[in-house]
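File shown here: query.cif, holding mmCIF, C-alpha atoms.
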data_my_file
#
loop_
_atom_site.label_atom_id
_atom_site.label_comp_id
_atom_site.auth_asym_id
_atom_site.auth_seq_id
_atom_site.Cartn_x
_atom_site.Cartn_y
_atom_site.Cartn_z
CA MET D 5 -30.79 11.96 20.29
CA ASN D 6 -29.85 9.53 17.50
CA GLN D 7 -26.21 9.55 16.63
CA LYS D 8 -24.60 7.61 13.88
CA PRO D 9 -22.25 4.97 15.17
CA LYS D 10 -18.64 6.00 15.02
CA THR D 11 -16.85 4.19 12.22
CA GLU D 12 -13.47 2.78 13.10
CA THR D 13 -10.53 2.20 10.88
CA THR D 14 -9.52 -1.38 11.49
CA PRO D 15 -6.75 -3.60 10.19
CA ARG D 16 -9.37 -5.24 7.93
CA THR D 17 -10.07 -1.82 6.38
CA TRP D 18 -6.34 -1.27 5.97
CA ALA D 19 -6.02 -4.67 4.33
CA PHE D 20 -8.74 -3.74 1.83
CA GLY D 21 -6.77 -0.57 1.03
CA GLY D 22 -3.53 -2.53 0.61
CA ILE D 23 -5.14 -5.13 -1.66
CA SER D 24 -6.84 -2.35 -3.66
CA LEU D 25 -3.52 -0.55 -4.09
CA ALA D 26 -1.87 -3.81 -5.19
CA THR D 27 -4.63 -4.28 -7.77
CA ILE D 28 -4.22 -0.72 -9.10
CA ILE D 29 -0.44 -1.11 -9.39
CA PHE D 30 -0.85 -4.45 -11.16
CA ILE D 31 -3.32 -2.97 -13.68
CA LEU D 32 -1.18 0.13 -14.34
CA ASP D 33 1.93 -2.02 -14.75
CA GLN D 34 0.36 -4.49 -17.16
CA ALA D 35 -1.40 -1.73 -19.14
CA SER D 36 1.83 0.24 -19.54
CA LYS D 37 3.71 -2.87 -20.67
CA TRP D 38 0.94 -3.69 -23.16
CA ILE D 39 1.15 -0.18 -24.62
CA VAL D 40 4.94 -0.36 -24.88
CA LEU D 41 4.97 -3.84 -26.43
CA ASN D 42 2.06 -3.36 -28.83
CA HIS D 43 2.30 0.29 -29.82
CA LEU D 44 5.50 2.11 -28.86
CA MET D 45 8.11 -0.55 -29.56
CA VAL D 46 6.93 -1.99 -32.86
CA PRO D 47 9.66 -2.46 -34.03
CA PRO D 48 11.89 -2.11 -30.93
CA HIS D 49 13.81 1.16 -30.92
CA THR D 50 14.85 3.99 -28.61
CA LEU D 51 12.15 6.61 -28.18
CA PRO D 52 13.71 9.81 -26.75
CA VAL D 53 11.21 11.64 -24.52
CA THR D 54 13.47 14.24 -22.87
CA SER D 55 17.21 14.92 -22.73
CA PHE D 56 17.43 12.54 -19.75
CA PHE D 57 14.67 9.99 -20.39
CA ASN D 58 13.98 7.42 -23.12
CA VAL D 59 11.47 4.67 -23.62
CA VAL D 60 13.28 1.50 -24.70
CA LEU D 61 12.51 -2.20 -24.70
CA ALA D 62 14.59 -4.39 -22.42
CA TRP D 63 14.05 -7.90 -21.11
CA ASN D 64 15.24 -8.68 -17.59
CA ARG D 65 15.75 -12.41 -17.15
CA GLY D 66 17.12 -11.98 -13.62
CA VAL D 67 15.89 -10.21 -10.52
CA SER D 68 16.55 -6.59 -9.52
CA PHE D 69 19.16 -4.91 -11.71
CA GLY D 70 19.52 -8.12 -13.73
CA LEU D 71 21.10 -10.06 -10.85
CA PHE D 72 21.05 -13.85 -11.23
CA SER D 73 20.27 -13.51 -14.92
CA SER D 74 20.92 -16.67 -16.88
CA ASN D 75 19.74 -18.61 -19.87
CA ASN D 76 18.94 -21.62 -17.71
CA PRO D 77 15.44 -22.80 -18.76
CA TYR D 78 14.62 -23.60 -15.13
CA GLY D 79 15.69 -20.15 -13.98
CA VAL D 80 12.40 -18.60 -15.06
CA TRP D 81 10.41 -21.17 -13.12
CA ILE D 82 12.59 -20.87 -10.03
CA LEU D 83 12.27 -17.07 -10.00
CA ALA D 84 8.52 -17.33 -10.69
CA ALA D 85 8.08 -19.79 -7.80
CA ILE D 86 10.01 -17.49 -5.46
CA ALA D 87 7.89 -14.52 -6.59
CA LEU D 88 4.68 -16.50 -6.05
CA ILE D 89 5.70 -17.50 -2.53
CA PHE D 90 6.68 -13.90 -1.82
CA ALA D 91 3.30 -12.68 -3.12
CA ILE D 92 1.49 -15.09 -0.78
CA VAL D 93 3.58 -13.91 2.18
CA LEU D 94 2.93 -10.25 1.27
CA THR D 95 -0.81 -10.90 1.13
CA LEU D 96 -0.67 -12.36 4.63
CA TRP D 97 1.35 -9.38 5.84
CA ILE D 98 -1.23 -7.00 4.41
CA TRP D 99 -3.95 -8.69 6.47
CA GLN D 100 -1.77 -8.47 9.58
CA ALA D 101 -0.58 -4.88 9.07
CA GLN D 102 -0.90 -2.74 12.17
CA THR D 103 -1.06 0.58 10.33
CA LYS D 104 -2.58 1.90 7.14
CA LEU D 105 0.89 2.91 5.93
CA MET D 106 2.23 -0.64 6.28
CA ALA D 107 -0.80 -2.13 4.52
CA CYS D 108 -0.29 0.30 1.62
CA ALA D 109 3.47 -0.32 1.54
CA PHE D 110 2.92 -4.08 1.39
CA GLY D 111 0.26 -3.45 -1.29
CA LEU D 112 2.75 -1.52 -3.44
CA VAL D 113 5.28 -4.35 -3.21
CA LEU D 114 2.61 -7.00 -3.85
CA GLY D 115 1.21 -5.25 -6.94
CA GLY D 116 4.69 -4.86 -8.39
CA ALA D 117 5.69 -8.43 -7.59
CA ILE D 118 2.58 -9.84 -9.26
CA GLY D 119 3.07 -7.59 -12.31
CA ASN D 120 6.61 -8.86 -12.79
CA LEU D 121 5.56 -12.45 -12.03
CA ILE D 122 2.99 -12.33 -14.84
CA ASP D 123 5.71 -11.12 -17.25
CA ARG D 124 8.00 -13.96 -16.21
CA LEU D 125 5.28 -16.52 -16.82
CA ARG D 126 4.20 -14.99 -20.17
CA PHE D 127 7.55 -14.04 -21.68
CA GLY D 128 10.24 -15.75 -19.61
CA ALA D 129 11.53 -12.30 -18.63
CA VAL D 130 10.30 -9.02 -17.17
CA THR D 131 9.45 -6.21 -19.59
CA ASP D 132 11.41 -3.06 -18.72
CA PHE D 133 11.14 0.19 -20.64
CA LEU D 134 11.88 3.28 -18.52
CA ASP D 135 15.43 4.47 -19.25
CA PHE D 136 16.81 7.47 -17.33
CA HIS D 137 20.28 8.72 -18.22
CA LEU D 138 22.62 11.59 -17.49
CA TYR D 139 25.85 12.52 -19.33
CA GLY D 140 25.92 9.19 -21.14
CA TYR D 141 25.40 7.13 -17.98
CA HIS D 142 22.23 5.07 -17.99
CA TRP D 143 20.48 3.78 -14.88
CA TYR D 144 19.08 0.26 -15.05
CA THR D 145 15.98 0.11 -17.22
CA PHE D 146 12.87 -0.50 -15.12
CA ASN D 147 9.05 -0.47 -15.17
CA ILE D 148 6.08 0.62 -13.06
CA ALA D 149 6.14 -2.61 -11.03
CA ASP D 150 9.77 -1.99 -10.09
CA THR D 151 8.93 1.57 -9.07
CA ALA D 152 6.09 0.38 -6.83
CA ILE D 153 8.34 -2.25 -5.23
CA VAL D 154 11.06 0.29 -4.46
CA CYS D 155 8.54 2.80 -3.05
CA GLY D 156 6.85 0.11 -0.95
CA VAL D 157 10.15 -1.17 0.48
CA GLY D 158 11.19 2.42 1.18
CA LEU D 159 7.97 3.04 3.13
CA ILE D 160 8.44 -0.20 5.09
CA LEU D 161 11.99 0.81 6.02
CA LEU D 162 10.88 4.32 7.01
CA GLU D 163 8.11 2.90 9.21
CA TYR D 164 10.52 0.54 10.97
CA LEU D 165 13.05 3.33 11.47
CA ARG D 166 10.28 5.56 12.86
CA GLU D 167 9.30 2.82 15.32
CA ILE D 168 12.91 2.35 16.44
CA TRP D 169 13.38 6.08 16.83
CA SER D 170 10.17 6.50 18.84
CA LYS D 171 11.11 3.58 21.15
CA ASN D 172 14.60 5.01 21.76
CA LYS D 173 13.14 8.45 22.42
CA LYS D 174 11.11 7.19 25.39
#

Structure translated into structure tokens:
Amino acid sequence: MNQKPKTETTPRTWAFGGISLATIIFILDQASKWIVLNHLMVPPHTLPVTSFFNVVLAWNRGVSFGLFSSNNPYGVWILAAIALIFAIVLTLWIWQAQTKLMACAFGLVLGGAIGNLIDRLRFGAVTDFLDFHLYGYHWYTFNIADTAIVCGVGLILLEYLREIWSKNKK
């Protein structure tokens, strides 16, 4: 009897999934920023969407939450170099991921990092536009790349905590 060979899910397959996810995040991030810059924010203004969400245009010259923001002309290049090194390391981690979840988590972070890196190189700052607020308090303005990075890091942390918990359970 002829049987089809059993297909295995291998780390190489997971890596393809992680790289594909990174590519999708990068495209969604850059497309959303293009729409905001070229259609929604001409001229820049606040576009109320709901009672708790606006679309605005903000430029982040620092890293997460505007940390290390400065007008130093070398700051952009330093942050871009760090992001590039980080993207290379993430790519290597995707290829070495032991689970599909970790490959996808690294892919989310990689796609977001590259999306923000491109902004830094093009504009000298990262384009942020998602503004959530409640009772007059606004959270930091962010973008799709930032969301992917946070989700990816969250998945990485959950996976490590799951591993620790399963080892301590034995």

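For Leu88 of chain D, the set of protein, DNA and RNA residues having any atom at most 9 Å away, when counting all atoms listed in the file and skipping those fewer than 3 positions along the same chain, is Leu83, Ala84, Ala85, Ala91, Ile92, Val93, Ala117, Ile118 and Leu121 of chain D.
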
What's around Leu125 of chain D at 12 Å? Count all atoms listed in the file, leave out sequence neighbours fewer than 2 positions away in its own chain, and write the answer as a list of chain:residue names. D:Arg65, D:Tyr78, D:Gly79, D:Val80, D:Trp81, D:Ile82, D:Leu83, D:Ala84, D:Ala85, D:Ala87, D:Leu88, D:Ile118, D:Gly119, D:Asn120, D:Leu121, D:Ile122, D:Asp123, D:Phe127, D:Gly128, D:Ala129, D:Val130, D:Thr131

Report as an MDAnalysis selection string the full result of the PyMOL selection byres ((chain D and resi 133) around 12) when it is applied to this structure. chainID D and resid 33 36:41 44:45 48:52 57:64 130:132 134:136 143:151

Expand the PyMOL selection byres ((chain D and resi 160) around 10) into the explicit residue set it covers here, and present it as a PyMOL selection string. chain D and resi 105-110+113+154-159+161-166

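Here atom CA of Ile28 of chain D and atom CA of Asn42 of chain D stand 20.9 Å from one another.
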
Under the rule that all atoms listed in the file are counted, which of D:Ala101, D:Leu114, D:Ile29, D:Val46 is the nearest residue to Ile89 of chain D?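 Looking only at the distances to Ile89 of chain D, the closest residue turns out to be D:Leu114.
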
Selected residue, from D:Thr27, D:His142, D:Pro47, D:Thr103, that lies nearest to Gly116 of chain D when counting only C-alpha atoms: D:Thr27

Could you tell me how far atom CA of Trp99 of chain D sits from atom CA of Ala19 of chain D, in Å to one decimal place?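 So the answer is 5.0 Å.
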
One decimal, Å: what's the distance from atom CA of Ala26 of chain D over to atom CA of Gln102 of chain D, could you say? 17.4 Å

Ranking D:Leu138, D:Ile153, D:Ile98, D:Leu112 by minimum distance to Trp18 of chain D and counting all atoms listed in the file, which one comes first?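 Closest to Trp18 of chain D of all the choices is D:Ile98.
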
Quick one: segment 114-164 of chain D with N, CA and C atoms, as a compact mmCIF listing (two decimals), in the first residue's frame?
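Result file is result04.txt:
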# COMPACT_ATOMS: atom_id res chain seq x y z
N LEU D 114 10.64 41.25 15.06
CA LEU D 114 11.48 41.61 13.91
C LEU D 114 10.72 42.53 12.93
N GLY D 115 9.51 42.18 12.59
CA GLY D 115 8.72 43.00 11.67
C GLY D 115 8.52 44.41 12.20
N GLY D 116 8.22 44.52 13.49
CA GLY D 116 8.05 45.83 14.10
C GLY D 116 9.35 46.62 14.15
N ALA D 117 10.43 45.94 14.49
CA ALA D 117 11.74 46.62 14.57
C ALA D 117 12.15 47.16 13.21
N ILE D 118 11.95 46.37 12.17
CA ILE D 118 12.33 46.83 10.83
C ILE D 118 11.42 47.98 10.37
N GLY D 119 10.13 47.89 10.69
CA GLY D 119 9.21 48.98 10.34
C GLY D 119 9.64 50.30 10.97
N ASN D 120 10.00 50.27 12.24
CA ASN D 120 10.44 51.49 12.92
C ASN D 120 11.82 51.91 12.46
N LEU D 121 12.68 50.96 12.12
CA LEU D 121 14.01 51.29 11.60
C LEU D 121 13.89 52.06 10.28
N ILE D 122 13.01 51.62 9.41
CA ILE D 122 12.82 52.30 8.12
C ILE D 122 12.37 53.74 8.36
N ASP D 123 11.46 53.95 9.31
CA ASP D 123 11.01 55.32 9.63
C ASP D 123 12.19 56.17 10.09
N ARG D 124 13.00 55.61 10.97
CA ARG D 124 14.16 56.36 11.49
C ARG D 124 15.09 56.79 10.37
N LEU D 125 15.32 55.88 9.43
CA LEU D 125 16.21 56.19 8.32
C LEU D 125 15.58 57.19 7.35
N ARG D 126 14.28 57.10 7.12
CA ARG D 126 13.59 58.00 6.18
C ARG D 126 13.33 59.38 6.77
N PHE D 127 12.86 59.41 8.04
CA PHE D 127 12.37 60.66 8.60
C PHE D 127 13.17 61.17 9.79
N GLY D 128 14.08 60.37 10.30
CA GLY D 128 14.82 60.76 11.50
C GLY D 128 14.02 60.53 12.77
N ALA D 129 12.84 59.94 12.65
CA ALA D 129 11.97 59.67 13.79
C ALA D 129 10.96 58.60 13.37
N VAL D 130 10.32 58.00 14.35
CA VAL D 130 9.31 56.97 14.08
C VAL D 130 7.93 57.64 14.02
N THR D 131 7.16 57.28 13.02
CA THR D 131 5.81 57.80 12.84
C THR D 131 4.85 57.06 13.77
N ASP D 132 4.25 57.78 14.70
CA ASP D 132 3.24 57.22 15.60
C ASP D 132 1.92 57.92 15.33
N PHE D 133 0.81 57.18 15.50
CA PHE D 133 -0.48 57.80 15.18
C PHE D 133 -1.67 57.25 15.95
N LEU D 134 -1.52 56.17 16.69
CA LEU D 134 -2.63 55.59 17.44
C LEU D 134 -2.65 56.21 18.84
N ASP D 135 -3.72 56.90 19.18
CA ASP D 135 -3.81 57.65 20.42
C ASP D 135 -5.04 57.20 21.21
N PHE D 136 -4.82 56.39 22.25
CA PHE D 136 -5.90 55.95 23.13
C PHE D 136 -5.91 56.84 24.37
N HIS D 137 -7.09 57.20 24.84
CA HIS D 137 -7.19 58.09 25.99
C HIS D 137 -8.45 57.75 26.80
N LEU D 138 -8.40 58.13 28.06
CA LEU D 138 -9.53 57.88 28.96
C LEU D 138 -9.56 58.99 30.01
N TYR D 139 -10.67 59.68 30.13
CA TYR D 139 -10.85 60.76 31.11
C TYR D 139 -9.73 61.81 31.04
N GLY D 140 -9.33 62.15 29.83
CA GLY D 140 -8.32 63.18 29.65
C GLY D 140 -6.88 62.68 29.76
N TYR D 141 -6.69 61.43 30.10
CA TYR D 141 -5.34 60.86 30.20
C TYR D 141 -5.04 60.09 28.92
N HIS D 142 -3.96 60.46 28.27
CA HIS D 142 -3.58 59.84 27.01
C HIS D 142 -2.42 58.87 27.23
N TRP D 143 -2.53 57.68 26.64
CA TRP D 143 -1.42 56.75 26.64
C TRP D 143 -0.43 57.25 25.59
N TYR D 144 0.78 56.73 25.62
CA TYR D 144 1.76 57.12 24.61
C TYR D 144 1.22 56.78 23.22
N THR D 145 1.43 57.66 22.28
CA THR D 145 1.01 57.42 20.90
C THR D 145 1.92 56.34 20.32
N PHE D 146 1.35 55.42 19.56
CA PHE D 146 2.12 54.30 19.04
C PHE D 146 1.67 53.94 17.64
N ASN D 147 2.21 52.86 17.08
CA ASN D 147 1.88 52.43 15.72
C ASN D 147 1.77 50.91 15.66
N ILE D 148 1.56 50.36 14.49
CA ILE D 148 1.40 48.91 14.33
C ILE D 148 2.70 48.18 14.67
N ALA D 149 3.84 48.76 14.31
CA ALA D 149 5.13 48.13 14.63
C ALA D 149 5.29 47.99 16.14
N ASP D 150 4.95 49.04 16.87
CA ASP D 150 5.05 49.00 18.33
C ASP D 150 4.15 47.92 18.90
N THR D 151 2.94 47.80 18.37
CA THR D 151 2.00 46.79 18.82
C THR D 151 2.56 45.39 18.60
N ALA D 152 3.14 45.16 17.43
CA ALA D 152 3.73 43.85 17.13
C ALA D 152 4.89 43.54 18.06
N ILE D 153 5.72 44.54 18.34
CA ILE D 153 6.85 44.34 19.24
C ILE D 153 6.37 43.96 20.64
N VAL D 154 5.38 44.68 21.15
CA VAL D 154 4.86 44.39 22.49
C VAL D 154 4.24 42.99 22.53
N CYS D 155 3.46 42.64 21.52
CA CYS D 155 2.85 41.30 21.48
C CYS D 155 3.91 40.21 21.38
N GLY D 156 4.92 40.42 20.55
CA GLY D 156 6.00 39.45 20.41
C GLY D 156 6.77 39.25 21.69
N VAL D 157 7.13 40.35 22.35
CA VAL D 157 7.86 40.25 23.64
C VAL D 157 6.98 39.57 24.68
N GLY D 158 5.69 39.89 24.69
CA GLY D 158 4.77 39.23 25.62
C GLY D 158 4.73 37.73 25.40
N LEU D 159 4.67 37.30 24.15
CA LEU D 159 4.67 35.86 23.84
C LEU D 159 5.98 35.19 24.26
N ILE D 160 7.09 35.87 24.05
CA ILE D 160 8.40 35.34 24.46
C ILE D 160 8.43 35.15 25.98
N LEU D 161 7.98 36.17 26.71
CA LEU D 161 7.95 36.06 28.17
C LEU D 161 7.03 34.94 28.63
N LEU D 162 5.85 34.84 28.03
CA LEU D 162 4.92 33.76 28.40
C LEU D 162 5.53 32.38 28.14
N GLU D 163 6.23 32.24 27.03
CA GLU D 163 6.85 30.95 26.70
C GLU D 163 7.94 30.61 27.72
N TYR D 164 8.76 31.59 28.09
CA TYR D 164 9.79 31.33 29.09
C TYR D 164 9.18 31.02 30.46
